[in-house]
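Colleague: Have a look at the structure that comes next, please.
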Protein chains: 4
Amino acid sequence: MHTVEQSRAGSPAGAAAKTTRVAVAGATGYTGQELLRLLSRHPAVTITAATSSGAIAARKLPALGHIFTGAITPLDPSTLAQDADVVFLALPDKAAAELAPMLVDAGVRVIDLSGAFRLRDQALRARWYPETHALPQGLAYGLTELERASVEGARMVANPGCYPTATLLALRPLIAAGLISPGADIVVDAKSGVSGAGKTPSERTHFSEVHGSVAAYGVFGHRHGAEIEQGAGCQVNFVPHLMPLDRGILSTIYVRVVPGTTEESLAAVYGRTFGGEPFIRLVGSTLPEIKHVAHTNFCDIGWRVDPSGRAVLVSVIDNLLKGASGQAVQNMNVMLGLDQTTGLL
Amino acid sequence: MHTVEQSRAGSPAGAAAKTTRVAVAGATGYTGQELLRLLSRHPAVTITAATSSGAIAARKLPALGHIFTGAITPLDPSTLAQDADVVFLALPDKAAAELAPMLVDAGVRVIDLSGAFRLRDQALRARWYPETHALPQGLAYGLTELERASVEGARMVANPGCYPTATLLALRPLIAAGLISPGADIVVDAKSGVSGAGKTPSERTHFSEVHGSVAAYGVFGHRHGAEIEQGAGCQVNFVPHLMPLDRGILSTIYVRVVPGTTEESLAAVYGRTFGGEPFIRLVGSTLPEIKHVAHTNFCDIGWRVDPSGRAVLVSVIDNLLKGASGQAVQNMNVMLGLDQTTGLL
Amino acid sequence: MHTVEQSRAGSPAGAAAKTTRVAVAGATGYTGQELLRLLSRHPAVTITAATSSGAIAARKLPALGHIFTGAITPLDPSTLAQDADVVFLALPDKAAAELAPMLVDAGVRVIDLSGAFRLRDQALRARWYPETHALPQGLAYGLTELERASVEGARMVANPGCYPTATLLALRPLIAAGLISPGADIVVDAKSGVSGAGKTPSERTHFSEVHGSVAAYGVFGHRHGAEIEQGAGCQVNFVPHLMPLDRGILSTIYVRVVPGTTEESLAAVYGRTFGGEPFIRLVGSTLPEIKHVAHTNFCDIGWRVDPSGRAVLVSVIDNLLKGASGQAVQNMNVMLGLDQTTGLL
Amino acid sequence: MHTVEQSRAGSPAGAAAKTTRVAVAGATGYTGQELLRLLSRHPAVTITAATSSGAIAARKLPALGHIFTGAITPLDPSTLAQDADVVFLALPDKAAAELAPMLVDAGVRVIDLSGAFRLRDQALRARWYPETHALPQGLAYGLTELERASVEGARMVANPGCYPTATLLALRPLIAAGLISPGADIVVDAKSGVSGAGKTPSERTHFSEVHGSVAAYGVFGHRHGAEIEQGAGCQVNFVPHLMPLDRGILSTIYVRVVPGTTEESLAAVYGRTFGGEPFIRLVGSTLPEIKHVAHTNFCDIGWRVDPSGRAVLVSVIDNLLKGASGQAVQNMNVMLGLDQTTGLL
């Protein structure tokens with residue numbers, strides 16, 4: 001079994017000088033702060049810029065004291081392109097849609113955490129991300145474990161959404177192996193912590209409205225539904241729910257499997273797909289829980305199959321790490337030819 | 001629309017003397033304490049006995065100070081049958097299975113909050129509740145709004161489980177109206193607060209294991225699944241999840257509806273079924289949230305339908321009230337010919 | 001011991017027609033909604049108006065469905081004075097400071113839940129509530145148990161703040177009895193749920209900032225400190241803390257008692273002061289917890305004394321009920337000559 | 001300012017082989033699991049043993065999958081002494097009291113996370129830790145920043161309690177500098193997450209009892225009070241409270257300072273004491289929050305002083321890290337001559 005010890009021992013990063021220059025645009029949101037935290041302790045990179053919009057630039061980030069001690073500056077696209085080799089965009093969709101092509105054209109590698117470049121289909125993109133025009137050349141969809149070859153050679157990575165990451169890592173291997181009954185409904189009931197909604201206060205994320213409550217939202221109308229369907233290659237009935245916790249997603253996936261499929265069949269497929277992956281933990285019928293992955297880059301996947309052909313898949317991640325900033329750094333590692341776990345364990 | 005004012009004004013309870021004697025067996029658990037709280041302020045009944053097993057009998061119930069000031073005594077079946085007209089059983093399944101038939105035979109009305117008498121099918125009951133032998137004569141399944149006629153004449157009520165209550169109130173009207181596509185899977189993804197697991201400490205309900213976490217449990221093996229299937233009359237794929245909150249259930253139900261069915265179709269069916277019901281609030285496409293029903297006996301139901309025939313139903317209750325003690329008192333009111341809202345608003 | 005049964009039995013309210021007309025100004029905030037909920041089920045009053053500022057008036061209040069079904073209308077001072085006998089003000093300080101004197105002059109009884117009229121000292125009021133000019137004639141400070149005579153004859157009640165309510169109910173009886181060592185510091189370390197901060201979203205009350213955290217705030221600068229010092233008659237070192245829960249306040253009070261004072265001494269004083277009070281529960285050395293009073297109008301008080309003369313008092317309330325709307329209704333009951341528990345149990 | 005970059009750059013650990021052998025006794029509790037997590041990624045040590053009592057040994061630790069993949073074995077003192085250079089004891093007091101002297105005698109370095117060896121005074125120890133007999137030679141009290149010289153040469157470290165760590169780091173520098181008024185009461189009102197109570201389920205730590213609640217406990221009778229008084233050198237009025245969160249302690253300390261003391265005076269003292277310390281963050285009058293230090297080894301300290309000489313100090317830590325396992329690893333680093341931040345950032 002792949003262990004942390006082995007992956008660190010095999011990493012060339014330990015001896016590497018911190019030669020790669022990285023910038024974070026949108027450094028004061030939740031995903032931006034996680035990027036600063038991860039990149040500050042990353043042995044192979046140096047943060048050369050961290051930007052925020054004017055109003056927020058002066059704010060302090062108390063959780064990052066003694067960790068990131070650099071300045072937060074206003075965003076200047078031309079400076080970013082000169083001062084950094086890799087730019088992380090933790091920006092609203094519209095800002096990312098405008099900035100990313102400029103940076104790619106300037107020869108900078110871009111890892112975009114917004115949704116602006118995740119959908120390949122022009123019509124779908126026009127519906128969900130109308131600010132996005134063309135897709136840059138050399139664009140990869142950064143679901144690392146399933147798109148590694150594409151990420152390795154990419155000039156830009158569209159980092160997947162949190163719900164799609166949790167869902168597709170469990171669902172796609174089974175679809176690829178032909179274990180899902182065609183034509184049967186696929187239901188994805190996803191439960192998320194509130195940090196996925198970002199840092200801007202709203203009635204929806206007001207403490208007293210969320211504490212002691214659970215609510216479905218975005219039924220038949222969440223952009224991540226389109227992204228999940230793109231990854232699955234078929235219609236998916238996706239309903240997200242807001243839970244009274246801060247970090248984490250649990251995705252419960254209901255499918256019909258083809259006759260003769262057992263829990264062992266699924267174990268075999270997942271084992272083949274993810275056997276050597278340091279960040280995927282296959283827990284089988286014990287089923288995973290959000291607490292086990294909070295504050296890590298792991299995705300834990302469990303499954304149950306009954307004799308009538310019903311299967312329930314359960315997948316958990318930390319939405320800010322494997323669902324955003326952690327996977328973004330993992331993608332950077334892959335792009336730079338580093339061990340993918342560098343700075344993430 | 002039925003309002004609280006109207007139902008109170010129309011109630012005969014206001015003028016009634018507190019002539020009905022009630023007992024609570026198992027008074028120190030969470031549902032038992034809720035029963036004491038509700039029955040103490042109920043204008044038509046007097047609590048004549050509250051029992052607990054020996055070890056717990058001496059415990060204080062600090063939340064009930066100045067509300068219930070009577071004694072908690074050891075359980076004595078013969079005394080119960082003499083001193084009370086109605087006995088609530090808030091006991092483990094095995095104890096209820098033994099005690100209920102004796103009380104019914106002694107001429108006492110029984111409202112049983114355990115699962116022991118919920119399943120009508122002998123084979124299913126033998127699997128899930130092996131301690132239960134025969135069903136008493138005059139037994140009703142106390143899903144009040146849908147079984148009122150049966151409850152009115154009952155000698156004993158099997159109070160429904162919390163998950164079945166939330167689920168069946170939303171699902172059964174559509175099945176009865178023929179709106180659900182036969183043959184298509186029905187998925188019930190339910191989210192519950194921790195109080196549903198009762199008052200006995202366990203690893204599963206340890207604060208540090210639940211806080212900041214979400215977990216599925218009982219996949220393909222929860223007794224409430226059998227109870228839901230009994231009520232629905234068909235197979236249902238039911239998966240409960242434990243949420244980091246104390247009280248409340250949200251049940252998300254995924255069905256296929258027959259061609260031509262719209263959100264207005266569902267509104268019409270629900271309106272016909274529940275139009276005059278004080279405890280059912282139909283919220284339509286806005287979807288309900290647990291917070292809106294916590295600490296009440298309401299069940300709020302919302303729904304969404306898409307053009308391809310997928311429907312999502314969302315139903316919320318307080319698991320200790322409409323899912324247990326509140327519905328039990330509602331059933332008592334119906335059995336006694338009182339306004340069903342007496343003592344519950 | 002005073003029990004709920006006794007207090008209800010002794011109430012004249014049961015037979016009263018709902019003849020008193022009441023209005024709620026600011027009906028959509030958290031305290032406003034609690035007022036609507038309490039007053040809707042109150043047997044002796046009818047809600048004749050519920051107002052909100054224009055922007056919010058159209059909003060729905062899903063938790064109040066089937067409970068309050070009247071209209072929410074824009075605030076019109078002249079209408080309020082004509083249509084209601086008692087007006088509850090659940091408004092910002094500035095709005096209450098302007099409106100209350102007009103209503104009192106018009107002959108309406110006013111119960112003000114804002115802070116505008118709580119401080120008697122002109123200089124202190126000028127500092128903390130500069131919008132407030134003169135105090136109306138017939139104004140009482142509505143800490144019901146300790147100011148009942150004053151409330152009975154009042155034309156207007158300044159309903160106490162939540163922190164002062166929890167703190168002064170525990171502290172004032174000991175000061176009045178001469179048990180507190182003069183000159184020694186009094187420390188009040190108070191812990192509050194987030195609903196005390198109101199319904200308007202802010203960074204401070206954003207779920208992800210509060211969940212999993214605890215923070216002190218307002219050190220040496222919280223207006224409730226001045227109100228506590230007014231009630232105590234001496235300097236008090238008051239520091240409030242924000243806790244990750246929705247409802248409730250726990251106030252831990254550190255004092256020095258005069259030589260010879262024991263836990264029994266305190267029990268005797270509290271017993272004399274609160275012996276017949278239905279809403280004060282004296283729990284002694286077992287110490288109270290927020291959970292025991294949440295969603296009730298109770299204040300539970302516990303205490304410990306050590307041989308060296310240190311004493312720790314612990315007092316808990318639900319900040320929205322005994323700390324706001326519940327005590328407001330209790331004050332109305334006293335003003336109207338009703339049993340003070342009417343509609344509150 | 002001391003930054004993470006600088007401290008890492010100055011560490012000799014980066015180049016060190018993993019030559020030090022470490023063992024964890026009591027590896028499956030919350031602090032034991034944190035030790036496994038920290039030591040697995042520590043670049044200078046190898047875990048050679050992880051033990052648990054028989055009943056728990058077979059349990060899985062799902063959060064540690066892919067992190068610690070070694071075996072959990074029953075405790076064998078003789079093996080521990082042979083196979084490890086440093087042994088961490090994350091055991092109950094009684095077990096630690098017996099085992100630690102044997103290990104020290106066998107020449108192994110011991111870091112004890114229990115309370116058994118924290119109190120130097122024989123009489124106090126007999127009261128609070130009666131299982132502990134003599135103190136081993138070469139014992140240091142491991143409040144790292146304030147006892148570094150002692151820890152450097154120690155054969156055994158008594159790792160401080162969580163409440164004392166948070167409290168003494170803020171309080172002792174002011175006492176040492178003579179800024180605290182002698183004779184005036186010192187009040188320590190501490191708020192803790194539930195993980196400090198350990199992993200064994202109990203009524204006190206049952207989710208439904210803690211969620212939505214706050215409770216004081218151990219008034220005048222908590223062992224950490226004696227430990228705080230030992231560190232402060234004077235009487236301290238310490239009251240801990242249980243909060244509805246998992247990890248973290250916030251200690252609010254109320255003192256009187258000598259005339260002329262200002263916030264700047266405190267800033268100067270803290271700056272002199274902790275200026276170069278990587279794990280102490282001085283935040284001054286903005287006051288720290290638990291969220292800023294959760295899942296880190298930081299202690300954040302803030303303070304306010306008013307003109308009348310009252311001061312409020314606020315100190316926050318993660319109870320499982322700086323309050324237990326993190327500080328234990330920090331102490332190991334100091335004992336081994338490594339940079340103290342190794343493996344902790």
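Just so we're on the same page: first chain in the structure tokens is A, next is B, and so on; residues restart at 1 for each chain, and ligands are numbered from 1 in the order they show up.
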Hey, what does DSSP flag as alpha helix (DSSP H) within range 121-156 of chain D? Can you give it to me as a PDB file with N, CA, C and O atoms, in the first residue's frame?
Modeller:
```
ATOM      1  N   GLN D 122       4.364  17.992  46.965  1.00  0.00           N
ATOM      2  CA  GLN D 122       3.967  16.641  47.363  1.00  0.00           C
ATOM      3  C   GLN D 122       2.540  16.588  47.883  1.00  0.00           C
ATOM      4  O   GLN D 122       1.755  15.696  47.535  1.00  0.00           O
ATOM      5  N   ALA D 123       2.166  17.544  48.686  1.00  0.00           N
ATOM      6  CA  ALA D 123       0.832  17.510  49.297  1.00  0.00           C
ATOM      7  C   ALA D 123      -0.244  17.713  48.233  1.00  0.00           C
ATOM      8  O   ALA D 123      -1.266  17.022  48.199  1.00  0.00           O
ATOM      9  N   LEU D 124      -0.017  18.670  47.362  1.00  0.00           N
ATOM     10  CA  LEU D 124      -0.986  18.886  46.291  1.00  0.00           C
ATOM     11  C   LEU D 124      -1.093  17.642  45.413  1.00  0.00           C
ATOM     12  O   LEU D 124      -2.183  17.243  45.001  1.00  0.00           O
ATOM     13  N   ARG D 125       0.065  17.063  45.129  1.00  0.00           N
ATOM     14  CA  ARG D 125       0.051  15.886  44.260  1.00  0.00           C
ATOM     15  C   ARG D 125      -0.715  14.742  44.930  1.00  0.00           C
ATOM     16  O   ARG D 125      -1.465  14.014  44.269  1.00  0.00           O
ATOM     17  N   ALA D 126      -0.545  14.620  46.210  1.00  0.00           N
ATOM     18  CA  ALA D 126      -1.256  13.548  46.923  1.00  0.00           C
ATOM     19  C   ALA D 126      -2.760  13.759  46.839  1.00  0.00           C
ATOM     20  O   ALA D 126      -3.541  12.806  46.825  1.00  0.00           O
ATOM     21  N   ARG D 127      -3.157  14.998  46.777  1.00  0.00           N
ATOM     22  CA  ARG D 127      -4.594  15.266  46.695  1.00  0.00           C
ATOM     23  C   ARG D 127      -5.144  14.998  45.289  1.00  0.00           C
ATOM     24  O   ARG D 127      -6.174  14.360  45.117  1.00  0.00           O
ATOM     25  N   TRP D 128      -4.450  15.522  44.289  1.00  0.00           N
ATOM     26  CA  TRP D 128      -5.012  15.483  42.938  1.00  0.00           C
ATOM     27  C   TRP D 128      -4.582  14.264  42.136  1.00  0.00           C
ATOM     28  O   TRP D 128      -5.300  13.835  41.235  1.00  0.00           O
ATOM     29  N   ARG D 148      12.187  26.475  28.555  1.00  0.00           N
ATOM     30  CA  ARG D 148      12.987  25.813  27.525  1.00  0.00           C
ATOM     31  C   ARG D 148      14.292  25.233  28.075  1.00  0.00           C
ATOM     32  O   ARG D 148      14.657  24.101  27.748  1.00  0.00           O
ATOM     33  N   ALA D 149      14.974  25.987  28.893  1.00  0.00           N
ATOM     34  CA  ALA D 149      16.264  25.504  29.400  1.00  0.00           C
ATOM     35  C   ALA D 149      16.076  24.199  30.163  1.00  0.00           C
ATOM     36  O   ALA D 149      16.855  23.249  30.026  1.00  0.00           O
ATOM     37  N   SER D 150      15.034  24.152  30.930  1.00  0.00           N
ATOM     38  CA  SER D 150      14.761  22.955  31.710  1.00  0.00           C
ATOM     39  C   SER D 150      14.412  21.771  30.806  1.00  0.00           C
ATOM     40  O   SER D 150      14.826  20.640  31.046  1.00  0.00           O
ATOM     41  N   VAL D 151      13.651  22.044  29.753  1.00  0.00           N
ATOM     42  CA  VAL D 151      13.253  20.964  28.840  1.00  0.00           C
ATOM     43  C   VAL D 151      14.462  20.434  28.072  1.00  0.00           C
ATOM     44  O   VAL D 151      14.590  19.221  27.834  1.00  0.00           O
ATOM     45  N   GLU D 152      15.371  21.354  27.717  1.00  0.00           N
ATOM     46  CA  GLU D 152      16.521  20.932  26.892  1.00  0.00           C
ATOM     47  C   GLU D 152      17.319  19.816  27.552  1.00  0.00           C
ATOM     48  O   GLU D 152      17.775  18.891  26.889  1.00  0.00           O
TER      49      GLU D 152
END
```
Colleague: Go through range 163-330 of chain D and collect every residue that DSSP, computed from the backbone, puts in strand (DSSP E or B); the answer should be as a PyMOL selection string.
Modeller: chain D and resi 180+187-192+206+215-216+237-242+249-257+280-284+289+299-305+310-317
Colleague: Write a file of the selected residues as a short mmCIF file (atom, residue, chain, number, x, y, z; two decimals), in the first residue's frame, keeping C-alpha atoms.
Modeller:
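Printed below is out02.cif as written:
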```cif
data_model
loop_
_atom_site.label_atom_id
_atom_site.label_comp_id
_atom_site.auth_asym_id
_atom_site.auth_seq_id
_atom_site.Cartn_x
_atom_site.Cartn_y
_atom_site.Cartn_z
CA ILE D 180 -0.05 42.27 38.52
CA VAL D 187 -10.14 35.18 37.81
CA VAL D 188 -9.63 32.67 34.99
CA ASP D 189 -12.83 31.93 33.12
CA ALA D 190 -11.93 29.24 30.60
CA LYS D 191 -14.00 27.89 27.73
CA SER D 192 -13.15 24.54 26.21
CA HIS D 206 -23.29 13.16 24.63
CA ALA D 215 -22.11 24.66 31.22
CA ALA D 216 -19.64 25.50 33.97
CA ASN D 237 -10.07 31.55 40.78
CA PHE D 238 -10.36 29.10 37.88
CA VAL D 239 -13.69 27.98 36.40
CA PRO D 240 -13.77 25.88 33.22
CA HIS D 241 -16.80 25.77 30.92
CA LEU D 242 -17.81 23.24 28.32
CA ILE D 249 -9.69 26.66 24.48
CA LEU D 250 -10.24 30.34 25.13
CA SER D 251 -9.07 31.56 28.52
CA THR D 252 -10.32 34.95 29.71
CA ILE D 253 -8.16 36.23 32.55
CA TYR D 254 -9.24 39.10 34.78
CA VAL D 255 -6.49 40.83 36.78
CA ARG D 256 -5.67 44.14 38.42
CA VAL D 257 -2.47 45.74 37.16
CA ILE D 280 3.21 32.68 20.15
CA ARG D 281 1.29 35.33 18.24
CA LEU D 282 0.69 38.60 20.06
CA VAL D 283 -2.48 40.22 18.78
CA GLY D 284 -2.97 42.98 21.35
CA GLU D 289 -10.46 33.77 18.59
CA CYS D 299 -1.09 30.28 21.11
CA ASP D 300 -2.58 33.70 20.35
CA ILE D 301 -2.62 36.27 23.14
CA GLY D 302 -4.54 39.55 23.30
CA TRP D 303 -5.11 42.06 26.08
CA ARG D 304 -7.03 45.16 27.12
CA VAL D 305 -6.35 47.55 30.00
CA ARG D 310 -8.46 46.47 35.28
CA ALA D 311 -6.94 44.21 32.65
CA VAL D 312 -8.47 41.43 30.60
CA LEU D 313 -6.15 38.91 28.94
CA VAL D 314 -7.44 36.50 26.32
CA SER D 315 -5.47 33.47 25.25
CA VAL D 316 -6.46 30.77 22.76
CA ILE D 317 -5.01 27.42 21.76
#
```
Colleague: Which residues of chain B are close to chain C, meaning at most 10 Å apart when you count only C-alpha atoms, and how do they look as a ChimeraX atom specification?
Modeller: /B:1-5,8-9,14-15,37,40-41,43,46,61-70,211-212,277-283,286,288-296,298,300,345
Colleague: Using only C-alpha atoms, can you tell me which of A:Phe117, A:Phe220, A:Phe207, A:Tyr129 comes closest to Gly193 in chain C?
Modeller: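 Comparing A:Phe117, A:Phe220, A:Phe207, A:Tyr129 against Gly193 in chain C, the winner is A:Phe207.
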Colleague: Might you pull out every residue within 12 Å of Ala158 in chain B, with only C-alpha atoms counted and same-chain residues fewer than 6 positions away left off, and present them as a ChimeraX atom specification?
Modeller: /B:88-90,93,96-97,100,109-120,135-136,138-144,147,150-151,227,324,327-328,331-332
Colleague: Would you output that residue set with N, CA, C and O atoms, as a short mmCIF file (atom, residue, chain, number, x, y, z; two decimals), in the first residue's frame?
Modeller:
```
data_model
loop_
_atom_site.label_atom_id
_atom_site.label_comp_id
_atom_site.auth_asym_id
_atom_site.auth_seq_id
_atom_site.Cartn_x
_atom_site.Cartn_y
_atom_site.Cartn_z
N PHE B 88 -48.81 6.14 27.84
CA PHE B 88 -47.82 6.32 26.78
C PHE B 88 -46.62 5.44 27.10
O PHE B 88 -46.08 5.49 28.22
N LEU B 89 -46.20 4.66 26.13
CA LEU B 89 -45.01 3.83 26.32
C LEU B 89 -43.84 4.45 25.54
O LEU B 89 -43.84 4.46 24.31
N ALA B 90 -42.89 4.95 26.30
CA ALA B 90 -41.66 5.48 25.69
C ALA B 90 -40.52 4.59 26.13
O ALA B 90 -39.58 5.02 26.80
N ASP B 93 -38.04 -1.37 22.57
CA ASP B 93 -38.98 -2.24 21.85
C ASP B 93 -39.39 -3.45 22.67
O ASP B 93 -40.57 -3.80 22.73
N ALA B 96 -41.76 -2.65 25.53
CA ALA B 96 -43.07 -2.28 25.00
C ALA B 96 -43.80 -3.50 24.47
O ALA B 96 -45.02 -3.65 24.65
N ALA B 97 -43.06 -4.40 23.82
CA ALA B 97 -43.70 -5.60 23.25
C ALA B 97 -44.35 -6.42 24.34
O ALA B 97 -45.40 -7.04 24.12
N ALA B 100 -47.43 -3.72 26.38
CA ALA B 100 -48.60 -3.17 25.69
C ALA B 100 -49.80 -4.12 25.71
O ALA B 100 -50.92 -3.70 26.05
N ARG B 109 -56.18 2.51 27.38
CA ARG B 109 -55.74 2.91 26.04
C ARG B 109 -54.23 3.09 26.04
O ARG B 109 -53.67 3.67 26.98
N VAL B 110 -53.58 2.62 24.98
CA VAL B 110 -52.12 2.62 24.92
C VAL B 110 -51.65 3.37 23.66
O VAL B 110 -52.19 3.16 22.57
N ILE B 111 -50.68 4.22 23.87
CA ILE B 111 -50.00 4.86 22.74
C ILE B 111 -48.53 4.50 22.86
O ILE B 111 -47.85 4.91 23.80
N ASP B 112 -48.07 3.70 21.91
CA ASP B 112 -46.73 3.11 22.01
C ASP B 112 -45.78 3.83 21.07
O ASP B 112 -45.96 3.83 19.85
N LEU B 113 -44.74 4.45 21.64
CA LEU B 113 -43.77 5.16 20.82
C LEU B 113 -42.62 4.28 20.35
O LEU B 113 -41.74 4.73 19.63
N SER B 114 -42.60 3.02 20.75
CA SER B 114 -41.55 2.12 20.27
C SER B 114 -41.92 1.61 18.87
O SER B 114 -42.98 1.92 18.34
N GLY B 115 -41.03 0.80 18.31
CA GLY B 115 -41.31 0.24 16.99
C GLY B 115 -42.04 -1.09 17.02
O GLY B 115 -42.41 -1.63 15.97
N ALA B 116 -42.30 -1.59 18.22
CA ALA B 116 -42.70 -2.99 18.35
C ALA B 116 -43.97 -3.37 17.59
O ALA B 116 -44.13 -4.51 17.16
N PHE B 117 -44.87 -2.43 17.42
CA PHE B 117 -46.16 -2.76 16.82
C PHE B 117 -46.44 -2.02 15.52
O PHE B 117 -47.59 -1.89 15.10
N ARG B 118 -45.40 -1.50 14.90
CA ARG B 118 -45.63 -0.69 13.69
C ARG B 118 -45.81 -1.53 12.43
O ARG B 118 -46.44 -1.06 11.49
N LEU B 119 -45.19 -2.70 12.39
CA LEU B 119 -45.24 -3.48 11.16
C LEU B 119 -46.38 -4.49 11.22
O LEU B 119 -46.46 -5.29 12.13
N ARG B 120 -47.24 -4.43 10.19
CA ARG B 120 -48.40 -5.34 10.17
C ARG B 120 -48.02 -6.74 9.67
O ARG B 120 -48.60 -7.72 10.07
N LEU B 135 -50.36 -8.89 17.36
CA LEU B 135 -50.80 -7.50 17.44
C LEU B 135 -52.11 -7.45 18.22
O LEU B 135 -53.02 -8.25 17.96
N PRO B 136 -52.25 -6.52 19.14
CA PRO B 136 -53.51 -6.42 19.89
C PRO B 136 -54.67 -6.04 18.97
O PRO B 136 -54.48 -5.44 17.91
N GLY B 138 -57.75 -3.82 17.88
CA GLY B 138 -57.99 -2.38 17.99
C GLY B 138 -56.74 -1.54 17.85
O GLY B 138 -56.67 -0.44 18.38
N LEU B 139 -55.77 -2.09 17.10
CA LEU B 139 -54.50 -1.37 16.92
C LEU B 139 -54.56 -0.48 15.69
O LEU B 139 -54.95 -0.93 14.61
N ALA B 140 -54.17 0.77 15.85
CA ALA B 140 -54.09 1.69 14.70
C ALA B 140 -52.64 2.13 14.51
O ALA B 140 -51.85 2.18 15.45
N TYR B 141 -52.30 2.45 13.27
CA TYR B 141 -50.99 3.04 12.96
C TYR B 141 -51.19 4.55 12.98
O TYR B 141 -51.92 5.10 12.16
N GLY B 142 -50.51 5.20 13.91
CA GLY B 142 -50.87 6.58 14.22
C GLY B 142 -50.26 7.68 13.39
O GLY B 142 -49.82 8.69 13.95
N LEU B 143 -50.24 7.52 12.09
CA LEU B 143 -49.83 8.63 11.23
C LEU B 143 -51.07 9.52 11.07
O LEU B 143 -51.84 9.39 10.13
N THR B 144 -51.24 10.40 12.01
CA THR B 144 -52.55 10.98 12.29
C THR B 144 -53.30 11.48 11.06
O THR B 144 -54.45 11.10 10.83
N GLU B 147 -54.43 8.59 8.86
CA GLU B 147 -55.05 7.42 9.49
C GLU B 147 -56.05 7.84 10.57
O GLU B 147 -56.28 7.10 11.53
N SER B 150 -58.97 5.55 11.66
CA SER B 150 -58.49 4.38 12.38
C SER B 150 -58.07 4.73 13.81
O SER B 150 -58.32 3.98 14.75
N VAL B 151 -57.43 5.88 13.97
CA VAL B 151 -56.99 6.29 15.30
C VAL B 151 -58.18 6.61 16.21
O VAL B 151 -58.16 6.30 17.41
N GLU B 227 -40.70 0.09 7.51
CA GLU B 227 -41.92 0.83 7.86
C GLU B 227 -42.31 1.78 6.74
O GLU B 227 -43.51 1.95 6.44
N ALA B 324 -42.46 11.94 17.20
CA ALA B 324 -42.56 11.08 18.39
C ALA B 324 -43.64 11.62 19.34
O ALA B 324 -44.82 11.35 19.16
N GLN B 327 -46.74 13.89 18.01
CA GLN B 327 -47.75 13.11 17.30
C GLN B 327 -48.47 12.15 18.26
O GLN B 327 -49.66 11.87 18.08
N ALA B 328 -47.77 11.69 19.28
CA ALA B 328 -48.42 10.81 20.27
C ALA B 328 -49.53 11.56 21.00
O ALA B 328 -50.62 11.02 21.21
N ASN B 331 -52.37 12.04 18.65
CA ASN B 331 -53.18 10.82 18.58
C ASN B 331 -54.08 10.67 19.81
O ASN B 331 -55.24 10.28 19.69
N MET B 332 -53.56 11.01 20.96
CA MET B 332 -54.39 10.95 22.17
C MET B 332 -55.59 11.88 22.02
O MET B 332 -56.73 11.52 22.35
#
```
Colleague: Could you jot down the CA of Thr261 in chain C to CA of Ala166 in chain C separation for me, Å, one decimal place?
Modeller: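 Separation of CA of Thr261 in chain C and CA of Ala166 in chain C: 22.5 Å.
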Colleague: For CA of Leu169 in chain B and CA of Ser213 in chain A, quote the distance in Å rounded to one decimal.
Modeller: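 Value for the CA of Leu169 in chain B-CA of Ser213 in chain A distance: 19.9 Å.
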Colleague: Excluding same-chain residues fewer than 6 positions from Arg272 in chain C, what lies within 12 Å of it counting only C-alpha atoms, as an MDAnalysis selection string?
Modeller: chainID C and resid 173:174 176:177 265:266 282
Colleague: Do you know which residues are at most 8 Å from Glu34 in chain D counting only C-alpha atoms, after dropping those on the same chain fewer than 3 positions away, and could you put them as a VMD selection string?
Modeller: chain D and resid 30 to 31 37 to 38 320 to 321 325 to 326
Colleague: Suppose you want the space between CA of Gln137 in chain B and CA of Gly225 in chain B; what is it in Å?
Modeller: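 A separation of 25.0 Å between them.
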